[in-house]
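Shown next, in structure tokens, is the structure this report addresses.
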Amino acid sequence: MIHKKKSTTFRLIIISLLLIPLINQYLIFIAYANANYTSRLEKGTQILEVKKYDDQTWKNTVNVTSTPRDWFGGNSDKIGAKSKTTLLEMGHRDFMTSSIFHTLIFTNKTSSIFPIVRNYGYGEEYINENYTYYYFAWEYSFHYWTFTSSEFKIQPDFFYDHSIILQNPQNISQILDNYNEFASTINNNATLQSLNISFPLLSGDYLVWQFIIKRFAIGNPINDYLTTFTNILDCKNTTIQGKTLIFQRRGIKNYTVEVFYNPQGIIETFKVKNSEGYVFYEITSFYPKIVFYIILGILAVFVMGIVVLFIIKKKKLQKYYTQN
Amino acid sequence: MNSLNNFYYKIKPVFHTFIFEIRLQMKKFIIFPVATILLLFLNSYLPYILYTPLESSQAYFYEFGTIYFIIIIVLAVSIFFGGIICSEFKNKTGLEVLPLINRYKLLIGKYFANLILVIGIVAVHYLTMALFGYNFYGGPLLKTLLYSFGFAVLYVLALGSIVTFLSSIMPSITPVIVIMSGYVLILDNILSFLILGINSELEPLYSLGYLFTIITKIFFPDFSTMERRDTFTGGWLFPSIEGALALLSLYTVIFFIFSIILFKHREF
């Protein structure tokens, strides 16, 4: 009887200890990471090059007034134009919702008007108080040179820019819901309405498109990550084939955007095809480290050759001296 | 045609000495580039692959990779140039019944052979560094790499002349290596510290360590506009191009002339 009483008391203590986080408003929940995904980003440089651009087909298919500049900026509408990204540093930690909004969700326009919204009490503090989740993510810093037809400048166009990869792609659904709720709050505020300030409500498809255009990196395994990411966002226009994300879009006519990810989880090739399968815009990538490994290989073969020649010469000499 | 033939016969012993010296020093020469590549691999490749964040620019990357290169330069110059004159006296080659070559041709041949070998080591360092830089940052490589290489060669010339001078007064190569390495790597810093304690306004152009800093700082494309004095301490950070050029050239010429004079008057 005494043993039973003790056991009940022990259970109550355990339950009350477990309940503490639930009754404490200052304790924030952490959206735990899925350990199945990893980041394989490596420090170094990736160079993207515009290999193909058929201006006429673009104007007939995408938009008469638009060019690839609207997507990638710089001289991305010129064949041979190159862009460079140098990955400098990687890390991992928990991010608050406001940081995730800034890095992954906000469009360029949203980011530009956010300081005004902040002044009316809807800044980072408001976001973090209302959406109290932490998200585990890999962060990476990089220098970025926009597309240019001439030689890269010494100084990058974007110095120490940074981005993140959510360790669990399933979290993106909750983040998008939180953002849309936040955007609705902004859009319903009378003062901000009078200032003609509004935040767009985003769909899953739009978010995936933004991920492509901003060239965000993803986790590994690529196929699983992309599938989970697009499924959880309930994307209607995307399909995944291996490491390729295929995005159906509609301009003047239907066209598809095919994005192939490399083992590091960054975009390797980007193709835009019309409904007949004709590629009218293509970006490919190049890694200077490949040249480095080729040169190392050549040098290794050269050194090996010299060593082998030296050994052969020495053996021949030894043979000559033993015979004479 | 006749004068050309005469010139050829005059220059031939120098050329033969040059080839002979290069063959003689070949084993030492192989060790140094291997050590240079290894040092760079451990200092400028492996840490970045494993844990260290990449430097924010190629210039910082090269600067960090070259800071420790002074050790290689000083040791290489001391070992290669250290025996130029003293080894002749130690081996008493001047007492040969039939002198095959006169002193000056011997000195010039040996000096240029060792100079080429040390410049080769410096070139290996810069090529390896450029290769590592390309691996991490892609093209285009900084043009300032060439400027730095130029100053590194000038620095080798200056140190080479000083070591040749020491070689003309020392009995063997060992004290030359000890004095030179000890001075540039340790004493020079102490001396500069003491002199700056007395007069902080005086630019330490006399210091070989201070002159070396131009090799690491000239990597920066904005070198000409960079502040040469520390804003907080007021200490000198690096010399100007003109100052370094003048002092390194002066060291090269003066010590080489001294070496020739001492070599001429030294008895076997």
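The way I read the labels, and the way they are meant: chains A, B, ... in the order of the structure tokens, residue 1 as the first residue of every chain, and ligand 1 as the first ligand shown, with later ones counted on from there.
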
Might you pull out every residue within 10 Å of segment 249-261 of chain B, with only C-alpha atoms counted and same-chain residues fewer than 5 positions away left off, and present them as number ranges by chain?
B: 85, 103-104, 107-108, 154-169, 206, 208, 243-244, 266

Output the contact residues of chain A with respect to chain B at a cut-off of 10 Å, based on only C-alpha atoms, as a PyMOL selection string.
chain A and resi 42-47+84-91+141-143+151-156+159-160+286-293+295-296

Among the residues A:Ser83, A:Tyr120, A:Lys78, A:Phe302, the one that comes closest to Ala190 of chain A [using only C-alpha atoms]
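Smallest distance to Ala190 of chain A is found for A:Tyr120.
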
Which residues are close to Val118 of chain B, i.e. within 7 Å by only C-alpha atoms, leaving aside same-chain residues fewer than 3 positions away? Reply as a list in words.
Ala76, Val77, Asn114, Leu115, Ile121 and Val122 of chain B

Figure out the distance between atom CA of Tyr261 of chain A and atom CA of Glu282 of chain A, please, to one decimal in Å.
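Computed distance, atom CA of Glu282 of chain A to atom CA of Tyr261 of chain A, equals 14.2 Å.
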
Contacts of Val14 of chain B at 6 Å (only C-alpha atoms; same-chain gap of 2+ positions) as a compact mmCIF listing (two decimals) with N, CA and C atoms, in the first residue's frame:
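Final output, saved to selection_13.txt:
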```txt
# COMPACT_ATOMS: atom_id res chain seq x y z
N ILE B 11 82.60 34.05 -70.57
CA ILE B 11 81.36 33.73 -69.84
C ILE B 11 81.21 32.23 -69.59
N LYS B 12 81.92 31.41 -70.39
CA LYS B 12 81.78 29.95 -70.31
C LYS B 12 82.05 29.39 -68.91
N HIS B 16 79.47 27.26 -66.60
CA HIS B 16 79.79 25.92 -66.07
C HIS B 16 79.63 25.89 -64.56
N THR B 17 80.10 26.96 -63.89
CA THR B 17 79.95 27.04 -62.42
C THR B 17 78.47 27.03 -62.06
N LYS B 105 84.44 35.12 -61.34
CA LYS B 105 83.57 34.29 -62.19
C LYS B 105 82.93 33.19 -61.34
N GLY B 109 78.92 32.95 -60.83
CA GLY B 109 78.27 31.69 -61.22
C GLY B 109 77.50 31.08 -60.06
```

When DSSP works through the backbone of this structure, what residues of segment 38-256 of chain A end up as helix (DSSP H, G or I), shown as a PDB file with C-alpha atoms, in the first residue's frame?
```pdb
ATOM      1  CA  ASP A  55      14.978  36.277 -76.783  1.00  0.00           C
ATOM      2  CA  GLN A  56      12.234  35.787 -79.359  1.00  0.00           C
ATOM      3  CA  THR A  57      10.926  32.545 -77.833  1.00  0.00           C
ATOM      4  CA  TRP A  58      11.142  34.134 -74.359  1.00  0.00           C
ATOM      5  CA  LYS A  59       9.000  37.071 -75.461  1.00  0.00           C
ATOM      6  CA  ASN A  60       6.527  34.765 -77.231  1.00  0.00           C
ATOM      7  CA  THR A  61       6.299  32.391 -74.274  1.00  0.00           C
ATOM      8  CA  ARG A  69      16.912  40.089 -65.728  1.00  0.00           C
ATOM      9  CA  ASP A  70      13.560  40.166 -63.927  1.00  0.00           C
ATOM     10  CA  TRP A  71      14.426  36.812 -62.360  1.00  0.00           C
ATOM     11  CA  PHE A  72      18.188  36.891 -61.858  1.00  0.00           C
ATOM     12  CA  THR A  97      10.472  33.152 -36.616  1.00  0.00           C
ATOM     13  CA  SER A  98      11.366  36.760 -37.497  1.00  0.00           C
ATOM     14  CA  SER A  99      14.782  35.633 -38.803  1.00  0.00           C
ATOM     15  CA  ILE A 100      13.149  32.923 -40.890  1.00  0.00           C
ATOM     16  CA  PHE A 101      10.677  35.472 -42.321  1.00  0.00           C
ATOM     17  CA  HIS A 102      13.524  37.834 -43.231  1.00  0.00           C
ATOM     18  CA  THR A 103      15.702  35.168 -44.815  1.00  0.00           C
ATOM     19  CA  LEU A 104      13.274  32.807 -46.514  1.00  0.00           C
ATOM     20  CA  ILE A 105       9.823  34.359 -46.838  1.00  0.00           C
ATOM     21  CA  ASN A 108      12.259  42.107 -51.958  1.00  0.00           C
ATOM     22  CA  LYS A 109       9.284  44.490 -51.816  1.00  0.00           C
ATOM     23  CA  THR A 110       8.208  43.223 -48.385  1.00  0.00           C
ATOM     24  CA  SER A 111      11.734  43.645 -47.042  1.00  0.00           C
ATOM     25  CA  SER A 112      11.882  47.214 -48.337  1.00  0.00           C
ATOM     26  CA  ILE A 113       8.643  48.272 -46.566  1.00  0.00           C
ATOM     27  CA  PHE A 114       9.244  46.256 -43.392  1.00  0.00           C
ATOM     28  CA  PRO A 115      11.030  49.164 -41.582  1.00  0.00           C
ATOM     29  CA  ILE A 116       7.790  51.211 -41.853  1.00  0.00           C
ATOM     30  CA  VAL A 117       5.740  48.311 -40.506  1.00  0.00           C
ATOM     31  CA  ARG A 118       8.258  47.945 -37.660  1.00  0.00           C
ATOM     32  CA  ASN A 119       7.639  51.563 -36.661  1.00  0.00           C
ATOM     33  CA  GLU A 124      10.659  41.444 -35.070  1.00  0.00           C
ATOM     34  CA  GLU A 125       9.515  41.621 -31.444  1.00  0.00           C
ATOM     35  CA  TYR A 126       5.853  41.346 -32.465  1.00  0.00           C
ATOM     36  CA  ILE A 127       6.585  38.389 -34.775  1.00  0.00           C
ATOM     37  CA  ASN A 128       8.607  36.499 -32.167  1.00  0.00           C
ATOM     38  CA  GLU A 129       6.043  37.108 -29.429  1.00  0.00           C
ATOM     39  CA  ASN A 130       3.155  35.880 -31.549  1.00  0.00           C
ATOM     40  CA  ASN A 171       8.505  23.220 -40.901  1.00  0.00           C
ATOM     41  CA  ILE A 172       8.025  25.392 -43.989  1.00  0.00           C
ATOM     42  CA  SER A 173       4.268  24.800 -43.930  1.00  0.00           C
ATOM     43  CA  GLN A 174       3.923  26.209 -40.407  1.00  0.00           C
ATOM     44  CA  ILE A 175       6.225  29.128 -41.307  1.00  0.00           C
ATOM     45  CA  LEU A 176       4.120  29.969 -44.365  1.00  0.00           C
ATOM     46  CA  ASP A 177       0.891  29.793 -42.334  1.00  0.00           C
ATOM     47  CA  ASN A 178       2.412  32.088 -39.690  1.00  0.00           C
ATOM     48  CA  TYR A 179       3.576  34.515 -42.357  1.00  0.00           C
ATOM     49  CA  ASN A 180       0.165  34.652 -44.057  1.00  0.00           C
ATOM     50  CA  GLU A 181      -1.472  35.276 -40.661  1.00  0.00           C
ATOM     51  CA  PHE A 182       1.045  38.052 -39.995  1.00  0.00           C
ATOM     52  CA  ALA A 183       0.435  39.521 -43.479  1.00  0.00           C
ATOM     53  CA  SER A 184      -3.327  39.499 -42.845  1.00  0.00           C
ATOM     54  CA  THR A 185      -2.805  41.368 -39.562  1.00  0.00           C
ATOM     55  CA  ILE A 186      -0.753  44.012 -41.402  1.00  0.00           C
ATOM     56  CA  ASN A 187      -3.275  44.252 -44.224  1.00  0.00           C
ATOM     57  CA  ASN A 188      -6.158  44.711 -41.742  1.00  0.00           C
ATOM     58  CA  ALA A 190      -6.321  50.764 -40.626  1.00  0.00           C
ATOM     59  CA  THR A 191      -3.274  53.013 -40.182  1.00  0.00           C
ATOM     60  CA  LEU A 192      -1.132  50.896 -42.507  1.00  0.00           C
ATOM     61  CA  GLN A 193      -4.014  50.718 -44.981  1.00  0.00           C
ATOM     62  CA  SER A 194      -4.130  54.513 -45.020  1.00  0.00           C
ATOM     63  CA  GLY A 204       3.100  27.307 -51.589  1.00  0.00           C
ATOM     64  CA  ASP A 205       3.799  27.507 -55.317  1.00  0.00           C
ATOM     65  CA  TYR A 206       4.880  31.129 -55.043  1.00  0.00           C
ATOM     66  CA  LEU A 207       7.210  30.283 -52.183  1.00  0.00           C
ATOM     67  CA  VAL A 208       8.844  27.448 -54.131  1.00  0.00           C
ATOM     68  CA  TRP A 209       9.278  29.814 -57.099  1.00  0.00           C
ATOM     69  CA  GLN A 210      10.923  32.345 -54.807  1.00  0.00           C
ATOM     70  CA  PHE A 211      13.213  29.580 -53.512  1.00  0.00           C
ATOM     71  CA  ILE A 212      14.309  28.869 -57.085  1.00  0.00           C
ATOM     72  CA  ILE A 213      14.835  32.486 -58.110  1.00  0.00           C
ATOM     73  CA  ILE A 222      17.941  16.032 -52.408  1.00  0.00           C
ATOM     74  CA  ASN A 223      14.997  14.019 -53.694  1.00  0.00           C
ATOM     75  CA  ASP A 224      13.466  13.443 -50.250  1.00  0.00           C
ATOM     76  CA  TYR A 225      14.018  17.053 -49.218  1.00  0.00           C
ATOM     77  CA  LEU A 226      12.411  18.470 -52.382  1.00  0.00           C
ATOM     78  CA  THR A 227       9.508  16.017 -52.227  1.00  0.00           C
ATOM     79  CA  THR A 228       8.758  16.788 -48.560  1.00  0.00           C
ATOM     80  CA  PHE A 229       9.166  20.521 -49.131  1.00  0.00           C
ATOM     81  CA  THR A 230       6.787  20.710 -52.099  1.00  0.00           C
ATOM     82  CA  ASN A 231       4.264  18.203 -50.695  1.00  0.00           C
ATOM     83  CA  ILE A 232       3.926  19.971 -47.351  1.00  0.00           C
TER      84      ILE A 232
END
```

Looking only at strand (DSSP E) from DSSP on the backbone, list the matching residues of segment 37-230 of chain A as a ChimeraX atom specification.
/A:44-53,82-96,133-148,158-166
